[in-house]
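Shown next: coords.txt, containing compact mmCIF, C-alpha atoms.
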# COMPACT_ATOMS: atom_id res chain seq x y z
CA MET A 1 145.19 84.84 63.18
CA THR A 2 148.42 83.84 61.48
CA SER A 3 149.13 83.11 57.82
CA LEU A 4 149.49 79.44 58.74
CA SER A 5 146.03 79.21 60.34
CA LEU A 6 144.62 80.99 57.28
CA PHE A 7 146.27 78.31 55.15
CA TYR A 8 144.83 75.48 57.31
CA LEU A 9 141.34 76.99 57.09
CA THR A 10 141.56 77.31 53.31
CA ILE A 11 142.72 73.68 53.02
CA ALA A 12 139.88 72.60 55.34
CA GLY A 13 137.40 74.54 53.19
CA PHE A 14 138.85 73.02 50.02
CA THR A 15 138.50 69.47 51.38
CA ILE A 16 134.94 70.16 52.59
CA GLY A 17 133.96 71.74 49.24
CA THR A 18 135.37 68.78 47.28
CA PHE A 19 133.57 66.10 49.31
CA ALA A 20 130.33 68.07 49.73
CA SER A 21 130.14 68.59 45.98
CA MET A 22 130.88 64.92 45.22
CA LEU A 23 128.24 63.75 47.71
CA GLY A 24 125.65 66.36 46.76
CA ILE A 25 125.28 67.69 50.30
CA GLY A 26 125.55 71.21 51.70
CA GLY A 27 128.82 72.24 53.30
CA GLY A 28 127.25 73.14 56.66
CA LEU A 29 127.10 69.55 57.84
CA LEU A 30 130.87 69.34 57.36
CA ILE A 31 132.03 72.89 58.18
CA VAL A 32 130.61 72.95 61.74
CA PRO A 33 132.12 69.60 62.87
CA THR A 34 135.47 70.43 61.20
CA LEU A 35 135.72 73.79 62.95
CA THR A 36 134.55 72.53 66.35
CA LEU A 37 136.06 69.05 66.62
CA PHE A 38 139.32 69.51 64.72
CA LEU A 39 140.09 73.24 64.91
CA HIS A 40 138.53 73.82 68.36
CA PHE A 41 136.31 76.79 67.48
CA PRO A 42 133.33 77.56 69.78
CA ILE A 43 130.23 76.05 68.17
CA LYS A 44 128.39 79.38 67.75
CA HIS A 45 131.38 80.85 65.88
CA ALA A 46 131.52 77.71 63.73
CA ILE A 47 127.81 78.06 62.90
CA GLY A 48 128.22 81.73 61.94
CA VAL A 49 131.13 80.91 59.63
CA SER A 50 129.27 77.90 58.26
CA LEU A 51 126.26 80.02 57.27
CA ILE A 52 128.51 82.30 55.21
CA GLY A 53 130.25 79.30 53.61
CA VAL A 54 126.92 77.64 52.84
CA SER A 55 125.51 80.81 51.26
CA ALA A 56 128.54 81.12 48.95
CA THR A 57 128.42 77.50 47.76
CA SER A 58 124.65 77.47 47.32
CA LEU A 59 124.69 80.76 45.39
CA MET A 60 127.26 79.17 43.08
CA ALA A 61 125.16 76.01 42.70
CA ALA A 62 122.01 78.12 42.18
CA SER A 63 123.65 80.09 39.36
CA ASN A 64 124.39 76.79 37.56
CA TYR A 65 120.88 75.43 38.16
CA LEU A 66 119.33 78.73 36.99
CA LYS A 67 121.37 78.58 33.78
CA ALA A 68 120.16 75.00 33.22
CA GLY A 69 116.55 76.15 33.71
CA LEU A 70 115.94 73.79 36.64
CA VAL A 71 114.88 76.41 39.22
CA ASP A 72 111.19 77.22 39.72
CA VAL A 73 111.67 80.85 40.77
CA GLU A 74 108.01 81.42 41.65
CA LEU A 75 107.88 78.31 43.86
CA GLY A 76 111.23 79.32 45.41
CA ILE A 77 110.16 82.79 46.45
CA THR A 78 106.76 81.50 47.64
CA LEU A 79 108.40 79.04 50.06
CA GLU A 80 111.17 81.50 50.88
CA SER A 81 108.57 83.99 52.16
CA SER A 82 108.26 81.87 55.32
CA THR A 83 111.76 80.34 55.31
CA ILE A 84 113.38 83.78 55.48
CA LEU A 85 111.23 84.64 58.51
CA GLY A 86 112.25 81.34 60.13
CA ALA A 87 115.91 82.14 59.46
CA LEU A 88 115.55 85.54 61.12
CA VAL A 89 113.83 84.00 64.17
CA GLY A 90 116.41 81.17 64.27
CA GLY A 91 119.31 83.62 64.11
CA ILE A 92 117.92 85.59 67.07
CA VAL A 93 116.95 82.48 69.09
CA SER A 94 120.41 80.92 68.60
CA GLY A 95 121.84 83.66 70.83
CA TYR A 96 119.84 82.25 73.76
CA ILE A 97 120.55 78.55 73.17
CA SER A 98 123.38 76.99 75.16
CA SER A 99 126.35 75.55 73.29
CA ARG A 100 125.71 72.11 74.80
CA LEU A 101 122.18 72.03 73.39
CA LEU A 102 123.53 73.14 70.00
CA TYR A 103 126.01 70.24 70.05
CA LEU A 104 123.19 67.81 70.86
CA LEU A 105 120.84 69.19 68.17
CA PHE A 106 123.60 69.20 65.58
CA SER A 107 124.65 65.65 66.45
CA ILE A 108 121.05 64.42 65.97
CA LEU A 109 120.98 66.06 62.53
CA VAL A 110 124.36 64.58 61.56
CA ILE A 111 123.38 61.06 62.70
CA TYR A 112 120.04 61.32 60.84
CA THR A 113 121.84 62.48 57.68
CA SER A 114 124.34 59.60 57.97
CA PHE A 115 121.40 57.14 57.99
CA VAL A 116 119.80 58.86 54.98
CA MET A 117 123.13 58.79 53.16
CA TRP A 118 123.70 55.09 53.94
CA ARG A 119 120.20 54.08 52.82
CA GLY A 120 120.06 56.45 49.85
CA ARG A 121 117.62 59.32 49.51
CA ARG A 122 113.99 58.26 49.09
CA VAL A 123 112.70 59.98 46.00
CA LYS A 124 109.09 60.24 44.99
CA GLU A 125 108.68 59.90 41.24
CA VAL A 126 106.63 62.88 40.13
CA ARG A 127 105.62 63.82 36.63
CA ASN A 128 105.54 67.53 35.84
CA GLY A 129 102.15 68.76 36.86
CA ARG A 130 100.44 70.85 39.48
CA TYR A 131 102.11 71.17 42.86
CA SER A 132 99.96 70.53 45.91
CA ASN A 133 99.90 71.32 49.66
CA TYR A 134 101.23 74.88 49.32
CA SER A 135 100.07 75.89 52.81
CA ALA A 136 101.76 72.90 54.50
CA GLY A 137 104.91 73.52 52.44
CA ILE A 138 105.01 77.17 53.44
CA GLY A 139 104.39 76.30 57.11
CA LEU A 140 107.11 73.63 57.26
CA SER A 141 109.54 75.85 55.36
CA PHE A 142 109.44 78.22 58.34
CA PHE A 143 110.94 75.46 60.51
CA ALA A 144 113.51 74.66 57.82
CA GLY A 145 114.57 78.32 58.08
CA VAL A 146 114.81 78.12 61.87
CA ALA A 147 116.89 74.91 61.66
CA SER A 148 119.15 76.49 59.05
CA ALA A 149 119.96 79.53 61.18
CA VAL A 150 120.23 77.66 64.49
CA LEU A 151 122.46 74.85 63.18
CA GLY A 152 124.39 76.63 60.40
CA ILE A 153 123.17 74.35 57.63
CA GLY A 154 121.61 75.10 54.27
CA GLY A 155 118.52 73.09 55.12
CA GLY A 156 118.33 71.20 51.83
CA VAL A 157 118.00 68.00 53.88
CA LEU A 158 114.59 69.35 55.00
CA LYS A 159 113.54 71.50 52.03
CA VAL A 160 113.95 68.85 49.34
CA PRO A 161 111.66 66.27 51.05
CA ILE A 162 109.10 69.02 51.81
CA MET A 163 108.96 69.94 48.11
CA ASN A 164 109.30 66.46 46.63
CA ILE A 165 107.27 64.26 48.98
CA MET A 166 104.73 66.74 50.30
CA MET A 167 104.24 69.15 47.40
CA ASN A 168 104.78 66.77 44.45
CA VAL A 169 107.66 68.77 43.00
CA PRO A 170 109.97 66.66 40.73
CA VAL A 171 113.18 65.94 42.66
CA LYS A 172 115.51 67.72 40.20
CA ILE A 173 113.43 70.90 40.43
CA ALA A 174 113.24 70.50 44.24
CA VAL A 175 117.03 70.22 44.60
CA ALA A 176 117.65 73.19 42.28
CA THR A 177 114.96 75.37 43.88
CA SER A 178 116.25 74.48 47.35
CA SER A 179 119.77 75.65 46.33
CA PHE A 180 118.24 78.87 45.00
CA MET A 181 116.53 79.47 48.36
CA ILE A 182 119.48 78.52 50.62
CA GLY A 183 121.55 81.60 49.74
CA MET A 184 118.78 83.98 50.85
CA THR A 185 118.00 81.93 53.98
CA ALA A 186 121.61 81.57 55.14
CA VAL A 187 122.49 85.23 54.59
CA THR A 188 119.42 86.39 56.54
CA GLY A 189 120.14 83.90 59.34
CA VAL A 190 123.79 84.92 59.70
CA MET A 191 123.11 88.62 60.43
CA PRO A 192 122.44 88.13 64.18
CA TYR A 193 125.69 86.11 64.35
CA VAL A 194 127.54 89.00 62.68
CA GLU A 195 126.11 91.42 65.26
CA ARG A 196 127.19 89.15 68.15
CA GLY A 197 130.70 88.89 66.66
CA GLU A 198 130.25 85.17 66.01
CA ALA A 199 131.03 85.22 62.27
CA ASP A 200 134.69 86.21 61.88
CA PRO A 201 135.14 87.55 58.31
CA VAL A 202 138.76 86.34 58.08
CA VAL A 203 137.84 82.76 59.02
CA ALA A 204 134.73 82.87 56.82
CA ALA A 205 136.71 84.25 53.86
CA SER A 206 139.29 81.45 54.04
CA ILE A 207 136.54 78.82 54.25
CA VAL A 208 134.61 80.43 51.35
CA VAL A 209 137.62 80.49 49.01
CA GLY A 210 138.46 76.89 49.91
CA THR A 211 134.92 75.55 49.53
CA LEU A 212 134.30 77.34 46.22
CA ALA A 213 137.54 75.96 44.74
CA GLY A 214 136.85 72.54 46.25
CA ALA A 215 133.30 72.46 44.89
CA TYR A 216 134.69 73.08 41.41
CA LEU A 217 137.13 70.16 41.76
CA GLY A 218 134.44 67.93 43.33
CA SER A 219 132.04 68.45 40.44
CA ARG A 220 134.81 67.30 38.03
CA LEU A 221 135.88 64.31 40.16
CA MET A 222 132.28 63.18 40.66
CA ARG A 223 132.19 61.72 37.14
CA LYS A 224 135.38 59.66 37.70
CA ILE A 225 134.97 58.26 41.22
CA PRO A 226 132.33 55.63 42.19
CA THR A 227 130.10 57.76 44.41
CA LEU A 228 128.12 54.87 45.96
CA MET A 229 131.14 53.53 47.87
CA LEU A 230 132.20 57.05 48.77
CA ARG A 231 128.68 57.76 50.01
CA LYS A 232 128.67 54.68 52.30
CA ALA A 233 132.14 55.49 53.65
CA PHE A 234 131.11 59.06 54.28
CA ALA A 235 127.89 57.95 55.99
CA LEU A 236 130.04 55.98 58.47
CA LEU A 237 132.34 58.97 59.00
CA LEU A 238 129.34 61.27 59.56
CA PHE A 239 127.93 58.78 62.09
CA ILE A 240 131.21 58.83 64.06
CA VAL A 241 131.30 62.65 63.89
CA GLY A 242 127.68 62.76 65.10
CA VAL A 243 128.46 60.53 68.07
CA ARG A 244 131.53 62.63 68.97
CA MET A 245 129.44 65.80 68.85
CA PHE A 246 126.75 64.14 70.96
CA VAL A 247 129.34 63.17 73.58
CA LYS A 248 130.73 66.72 73.55
CA GLY A 249 127.24 68.07 74.20
CA LEU A 250 126.61 65.83 77.24
CA MET B 1 114.84 85.88 34.03
CA GLU B 2 116.74 82.70 35.06
CA LYS B 3 119.69 83.40 32.73
CA GLU B 4 120.03 86.99 34.01
CA LEU B 5 119.83 85.83 37.63
CA SER B 6 122.53 83.25 36.93
CA LYS B 7 124.77 85.94 35.39
CA VAL B 8 124.23 88.33 38.33
CA LEU B 9 125.12 85.63 40.87
CA LYS B 10 128.22 84.56 38.93
CA ILE B 11 129.51 88.14 38.68
CA ILE B 12 129.05 88.72 42.42
CA LEU B 13 130.62 85.40 43.42
CA TYR B 14 133.61 85.73 41.10
CA SER B 15 134.20 89.28 42.39
CA ALA B 16 134.01 88.05 46.01
CA PHE B 17 136.39 85.17 45.17
CA VAL B 18 138.96 87.53 43.61
CA VAL B 19 138.69 90.06 46.46
CA ILE B 20 139.11 87.35 49.14
CA LEU B 21 141.98 85.69 47.28
CA SER B 22 143.81 89.01 47.02
CA GLY B 23 143.05 89.49 50.74
CA ILE B 24 144.72 86.17 51.54
CA VAL B 25 147.83 87.11 49.53
CA PHE B 26 147.95 90.59 51.12
CA PHE B 27 147.45 89.14 54.62
CA SER B 28 150.17 86.53 54.10
CA LEU B 29 152.63 89.23 53.08
CA THR B 30 151.77 92.00 55.55
CA HIS B 31 149.64 90.37 58.32
CA ARG B 32 147.09 93.13 57.71
CA GLY B 33 144.08 93.58 55.48
CA ARG B 34 141.02 92.56 57.51
CA LEU B 35 139.05 95.16 55.54
CA ILE B 36 139.65 93.28 52.27
CA PHE B 37 138.10 90.14 53.79
CA GLU B 38 135.16 92.17 55.07
CA VAL B 39 134.57 93.57 51.56
CA GLY B 40 134.70 90.04 50.08
CA ILE B 41 132.27 88.63 52.62
CA GLY B 42 130.11 91.77 52.29
CA LEU B 43 129.73 91.04 48.59
CA ILE B 44 128.34 87.58 49.41
CA LEU B 45 126.04 89.00 52.09
CA VAL B 46 124.43 91.47 49.69
CA ALA B 47 124.09 88.95 46.83
CA PRO B 48 120.42 88.22 47.73
CA LEU B 49 119.63 91.93 47.22
CA ALA B 50 120.88 91.67 43.63
CA GLU B 51 118.71 88.55 43.21
CA PHE B 52 115.66 90.36 44.57
CA ALA B 53 116.27 93.34 42.30
CA THR B 54 116.49 91.10 39.22
CA ILE B 55 113.33 89.18 40.19
CA LEU B 56 111.47 92.44 40.87
CA ILE B 57 112.39 93.90 37.49
CA TYR B 58 111.15 90.78 35.72
CA GLY B 59 108.08 90.57 37.95
CA PHE B 60 107.11 94.10 36.86
CA LYS B 61 107.92 93.36 33.21
CA LEU B 62 105.78 90.21 33.21
CA GLY B 63 103.04 91.94 35.19
CA ASN B 64 103.12 89.08 37.72
CA ARG B 65 101.71 90.66 40.87
CA LYS B 66 102.34 87.56 43.01
CA ILE B 67 106.07 87.58 42.23
CA VAL B 68 106.32 91.33 42.87
CA LEU B 69 104.53 91.19 46.24
CA LEU B 70 106.43 88.12 47.47
CA THR B 71 109.76 89.66 46.44
CA LEU B 72 108.91 92.92 48.21
CA TRP B 73 108.16 90.89 51.36
CA LEU B 74 111.55 89.13 51.04
CA VAL B 75 113.29 92.49 50.54
CA ALA B 76 111.57 93.89 53.64
CA VAL B 77 112.60 90.95 55.88
CA PHE B 78 116.12 90.86 54.43
CA LEU B 79 116.66 94.62 54.86
CA PHE B 80 115.30 94.45 58.41
CA SER B 81 117.83 91.71 59.20
CA LEU B 82 120.65 93.55 57.42
CA LEU B 83 120.03 96.93 59.05
CA LYS B 84 119.06 95.69 62.52
CA PHE B 85 121.99 93.32 62.98
CA ARG B 86 124.78 94.74 60.81
Represent the structure of the file as structure tokens.
Amino acid sequence: MTSLSLFYLTIAGFTIGTFASMLGIGGGLLIVPTLTLFLHFPIKHAIGVSLIGVSATSLMAASNYLKAGLVDVELGITLESSTILGALVGGIVSGYISSRLLYLLFSILVIYTSFVMWRGRRVKEVRNGRYSNYSAGIGLSFFAGVASAVLGIGGGVLKVPIMNIMMNVPVKIAVATSSFMIGMTAVTGVMPYVERGEADPVVAASIVVGTLAGAYLGSRLMRKIPTLMLRKAFALLLFIVGVRMFVKGL
Amino acid sequence: MEKELSKVLKIILYSAFVVILSGIVFFSLTHRGRLIFEVGIGLILVAPLAEFATILIYGFKLGNRKIVLLTLWLVAVFLFSLLKFR
């Protein structure tokens, strides 16, 4: 690792953090393709690094949401009780999954997210009241944990619909509570990667510093730039990235 | 509880940010200093423990048995992962 590659990684992290923050998505969807397609990292190493990057950005977001009083801590730790187990299982299982299959799974997720981003997130209007379907929410959260650890994502793309659509949680609370949970999930899921030597601390550190600084800039820029056009353009870019990852996995 | 949790997370993240940033400067000058990066990343990896501790303290204070039991379960799984795969 040279000083120059450290610089490139920090710049990559900064760019990812800026766009992820402006688009309201987790960094994982961008970190893994950037590291694999542009910087030629093996996908398992990219996933390990991504999980550390995602945990840093989501912990930062969670601290802001907690301060604003948007996180339902009790709901968060209830769902996390199964998500954390899923993350542990996912982290272990990922060691046995071939890189080609990981490319294919990740590409499906990226293409799905690009469609969601193009169309706009479907939100169920919920008035504050009693949440429902706890058992289904806890059960599905397990799979969100597995997906998070296997693919190196935060899993907000799964957790928010589970809470909002299935459990009748208002979307603002769902987004904030999901951010609160992601830090715990990602850190638990990354441990098996650390043991297998697939989460290089130097690479992860450069990405973390970049994404944290970028997220700060992105949250400021968000108010000045029309996000709808940016969202559509980014959906197209994600679609192309998804197709490239799919081809790489074939 | 939420405000304290927010403060705890901010302190940990800012410390990790400063440690990693100094690691980058040190590495650029000397091409050494992997340990500094490991300390920075280590801070992020143990952040959930600080969250659990804060939630546990408030769970006990509020006498909320559900929060206490769920948090203890999270601590158990997290520590298993941390100690088994470190």
(request) Mind giving me the straight-line distance from CA of Ala213 in chain A to CA of Thr18 in chain A in Å, one decimal? (result)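 Here the two named atoms are 7.9 Å from each other.
Our summary of the geometry notes that CA of Leu238 in chain A is positioned 26.4 Å from CA of Gly86 in chain A.
Any residue of chain B with an atom no more than 6 Å from chain A counts as a contact; using all atoms listed in the file, that gives Glu2, Lys3, Ser6, Leu9, Ser28, Phe37, Glu38, Leu45, Pro48, Phe78, Phe85 and Arg86 of chain B.
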Can you tell me which residues surround range 57-64 of chain B at a distance of at most 12 Å, considering all atoms listed in the file, apart from same-chain residues fewer than 2 positions away, and format the answer as a CSV table (one decimal) with C-alpha atoms, keeping the file's coordinate frame?
chain,number,residue,atom,x,y,z
A,73,VAL,CA,111.7,80.8,40.8
A,74,GLU,CA,108.0,81.4,41.6
A,77,ILE,CA,110.2,82.8,46.4
B,1,MET,CA,114.8,85.9,34.0
B,2,GLU,CA,116.7,82.7,35.1
B,3,LYS,CA,119.7,83.4,32.7
B,4,GLU,CA,120.0,87.0,34.0
B,5,LEU,CA,119.8,85.8,37.6
B,50,ALA,CA,120.9,91.7,43.6
B,51,GLU,CA,118.7,88.6,43.2
B,52,PHE,CA,115.7,90.4,44.6
B,53,ALA,CA,116.3,93.3,42.3
B,54,THR,CA,116.5,91.1,39.2
B,55,ILE,CA,113.3,89.2,40.2
B,66,LYS,CA,102.3,87.6,43.0
B,67,ILE,CA,106.1,87.6,42.2
B,68,VAL,CA,106.3,91.3,42.9
B,69,LEU,CA,104.5,91.2,46.2
B,70,LEU,CA,106.4,88.1,47.5
B,71,THR,CA,109.8,89.7,46.4
B,72,LEU,CA,108.9,92.9,48.2
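Distances here use all atoms listed in the file; by that measure, the residue among A:Ser178, A:Ser107, A:Thr15, A:Ser148 closest to Val93 in chain A is A:Ser148.
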(message) With distances taken over all atoms listed in the file, which residue among B:Leu29, B:Ile44, B:Ile36, B:Leu74 lies nearest Leu13 in chain B?
(response)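 For Leu13 in chain B, the nearest of the given residues is B:Ile44.
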(message) Excluding Gly33 in chain B and its own-chain neighbours fewer than 6 positions away, which residues fall within 9 Å of it when counting all atoms listed in the file? Please give them as number ranges by chain.
(response) B: 23-24, 26-27
(request) Grab the CA of Leu39 in chain A to CA of Gly13 in chain A distance for me, in Å with one decimal place. (result)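 Here the two named atoms are 12.1 Å from each other.
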Shell of 10 Å around Thr34 in chain A, all atoms listed in the file, local chain residues under 2 positions omitted, as a PDB file with C-alpha atoms, in the frame of the given file:
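Written output follows (selection36.pdb):
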ATOM      1  CA  LEU A   9     141.340  76.990  57.090  1.00  0.00           C
ATOM      2  CA  ALA A  12     139.880  72.600  55.340  1.00  0.00           C
ATOM      3  CA  GLY A  13     137.400  74.540  53.190  1.00  0.00           C
ATOM      4  CA  ILE A  16     134.940  70.160  52.590  1.00  0.00           C
ATOM      5  CA  GLY A  28     127.250  73.140  56.660  1.00  0.00           C
ATOM      6  CA  LEU A  29     127.100  69.550  57.840  1.00  0.00           C
ATOM      7  CA  LEU A  30     130.870  69.340  57.360  1.00  0.00           C
ATOM      8  CA  ILE A  31     132.030  72.890  58.180  1.00  0.00           C
ATOM      9  CA  VAL A  32     130.610  72.950  61.740  1.00  0.00           C
ATOM     10  CA  THR A  36     134.550  72.530  66.350  1.00  0.00           C
ATOM     11  CA  LEU A  37     136.060  69.050  66.620  1.00  0.00           C
ATOM     12  CA  PHE A  38     139.320  69.510  64.720  1.00  0.00           C
ATOM     13  CA  LEU A  39     140.090  73.240  64.910  1.00  0.00           C
ATOM     14  CA  HIS A  40     138.530  73.820  68.360  1.00  0.00           C
ATOM     15  CA  PHE A  41     136.310  76.790  67.480  1.00  0.00           C
ATOM     16  CA  ALA A  46     131.520  77.710  63.730  1.00  0.00           C
ATOM     17  CA  VAL A 241     131.300  62.650  63.890  1.00  0.00           C
TER      18      VAL A 241
END
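Distances from A:Ala20, A:Ile47, A:Leu230, A:Gly242 to Gly95 in chain A were compared using all atoms listed in the file, and the smallest one belongs to A:Ile47.
Shown here are all protein and nucleic acid residues lying within 10 Å of (132.2, 82.4, 72.2), with all atoms listed in the file considered: A:Phe41, A:Pro42, A:Ile43, A:Lys44, A:His45, A:Ala46, A:Ser99, A:Arg196, A:Gly197, A:Glu198.
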Quick one: axis-aligned box around all listed atoms of range 26-37 of chain B, 6 Å on every side, centre and edge lengths in Å to one decimal, written as AutoDock Vina command-line options.
--center_x 145.4 --center_y 90.8 --center_z 54.7 --size_x 26.5 --size_y 20.6 --size_z 19.2
Find the residues around Ser15 in chain B up to 12 Å (only C-alpha atoms counted), leave out those fewer than 2 positions away in its own chain, and share them as an mmCIF file with C-alpha atoms, in the frame of the given file.
data_model
loop_
_atom_site.group_PDB
_atom_site.id
_atom_site.type_symbol
_atom_site.label_atom_id
_atom_site.label_comp_id
_atom_site.auth_asym_id
_atom_site.auth_seq_id
_atom_site.Cartn_x
_atom_site.Cartn_y
_atom_site.Cartn_z
ATOM 1 C CA ALA A 56 128.540 81.120 48.950
ATOM 2 C CA VAL A 209 137.620 80.490 49.010
ATOM 3 C CA VAL B 8 124.230 88.330 38.330
ATOM 4 C CA LEU B 9 125.120 85.630 40.870
ATOM 5 C CA LYS B 10 128.220 84.560 38.930
ATOM 6 C CA ILE B 11 129.510 88.140 38.680
ATOM 7 C CA ILE B 12 129.050 88.720 42.420
ATOM 8 C CA LEU B 13 130.620 85.400 43.420
ATOM 9 C CA PHE B 17 136.390 85.170 45.170
ATOM 10 C CA VAL B 18 138.960 87.530 43.610
ATOM 11 C CA VAL B 19 138.690 90.060 46.460
ATOM 12 C CA ILE B 20 139.110 87.350 49.140
ATOM 13 C CA LEU B 21 141.980 85.690 47.280
ATOM 14 C CA SER B 22 143.810 89.010 47.020
ATOM 15 C CA ILE B 36 139.650 93.280 52.270
ATOM 16 C CA VAL B 39 134.570 93.570 51.560
ATOM 17 C CA GLY B 40 134.700 90.040 50.080
ATOM 18 C CA ILE B 41 132.270 88.630 52.620
ATOM 19 C CA GLY B 42 130.110 91.770 52.290
ATOM 20 C CA LEU B 43 129.730 91.040 48.590
ATOM 21 C CA ILE B 44 128.340 87.580 49.410
ATOM 22 C CA ALA B 47 124.090 88.950 46.830
#
Some atoms are missing, so please complete range 54-61 of chain A with all heavy atoms and return it as an mmCIF file, keeping the file's coordinate frame.
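Below is the file out_26.cif, written as the result:
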data_model
loop_
_atom_site.group_PDB
_atom_site.id
_atom_site.type_symbol
_atom_site.label_atom_id
_atom_site.label_comp_id
_atom_site.auth_asym_id
_atom_site.auth_seq_id
_atom_site.Cartn_x
_atom_site.Cartn_y
_atom_site.Cartn_z
ATOM 1 N N VAL A 54 128.057 78.292 53.501
ATOM 2 C CA VAL A 54 126.920 77.640 52.840
ATOM 3 C C VAL A 54 126.278 78.594 51.825
ATOM 4 O O VAL A 54 125.911 78.181 50.721
ATOM 5 C CB VAL A 54 125.877 77.208 53.908
ATOM 6 C CG1 VAL A 54 124.542 76.905 53.279
ATOM 7 C CG2 VAL A 54 126.384 75.999 54.659
ATOM 8 N N SER A 55 126.157 79.884 52.199
ATOM 9 C CA SER A 55 125.510 80.810 51.260
ATOM 10 C C SER A 55 126.355 80.952 49.993
ATOM 11 O O SER A 55 125.812 80.988 48.887
ATOM 12 C CB SER A 55 125.228 82.169 51.901
ATOM 13 O OG SER A 55 126.340 82.638 52.564
ATOM 14 N N ALA A 56 127.692 80.990 50.152
ATOM 15 C CA ALA A 56 128.540 81.120 48.950
ATOM 16 C C ALA A 56 128.405 79.909 48.040
ATOM 17 O O ALA A 56 128.206 80.058 46.823
ATOM 18 C CB ALA A 56 129.996 81.298 49.371
ATOM 19 N N THR A 57 128.482 78.699 48.619
ATOM 20 C CA THR A 57 128.420 77.500 47.760
ATOM 21 C C THR A 57 127.035 77.336 47.136
ATOM 22 O O THR A 57 126.921 76.946 45.974
ATOM 23 C CB THR A 57 128.787 76.215 48.548
ATOM 24 O OG1 THR A 57 128.094 76.236 49.779
ATOM 25 C CG2 THR A 57 130.259 76.097 48.788
ATOM 26 N N SER A 58 125.990 77.659 47.900
ATOM 27 C CA SER A 58 124.650 77.470 47.320
ATOM 28 C C SER A 58 124.344 78.526 46.263
ATOM 29 O O SER A 58 123.645 78.236 45.283
ATOM 30 C CB SER A 58 123.576 77.476 48.409
ATOM 31 O OG SER A 58 123.511 78.731 48.973
ATOM 32 N N LEU A 59 124.887 79.736 46.434
ATOM 33 C CA LEU A 59 124.690 80.760 45.390
ATOM 34 C C LEU A 59 125.380 80.307 44.096
ATOM 35 O O LEU A 59 124.847 80.509 42.996
ATOM 36 C CB LEU A 59 125.242 82.114 45.843
ATOM 37 C CG LEU A 59 124.408 82.863 46.904
ATOM 38 C CD1 LEU A 59 125.179 84.046 47.464
ATOM 39 C CD2 LEU A 59 123.077 83.336 46.338
ATOM 40 N N MET A 60 126.552 79.679 44.260
ATOM 41 C CA MET A 60 127.260 79.170 43.080
ATOM 42 C C MET A 60 126.450 78.050 42.409
ATOM 43 O O MET A 60 126.257 78.052 41.186
ATOM 44 C CB MET A 60 128.650 78.663 43.517
ATOM 45 C CG MET A 60 129.491 78.072 42.410
ATOM 46 S SD MET A 60 129.779 79.209 41.057
ATOM 47 C CE MET A 60 131.205 80.098 41.620
ATOM 48 N N ALA A 61 125.959 77.116 43.247
ATOM 49 C CA ALA A 61 125.160 76.010 42.700
ATOM 50 C C ALA A 61 123.890 76.559 42.048
ATOM 51 O O ALA A 61 123.498 76.124 40.955
ATOM 52 C CB ALA A 61 124.795 75.034 43.816
#
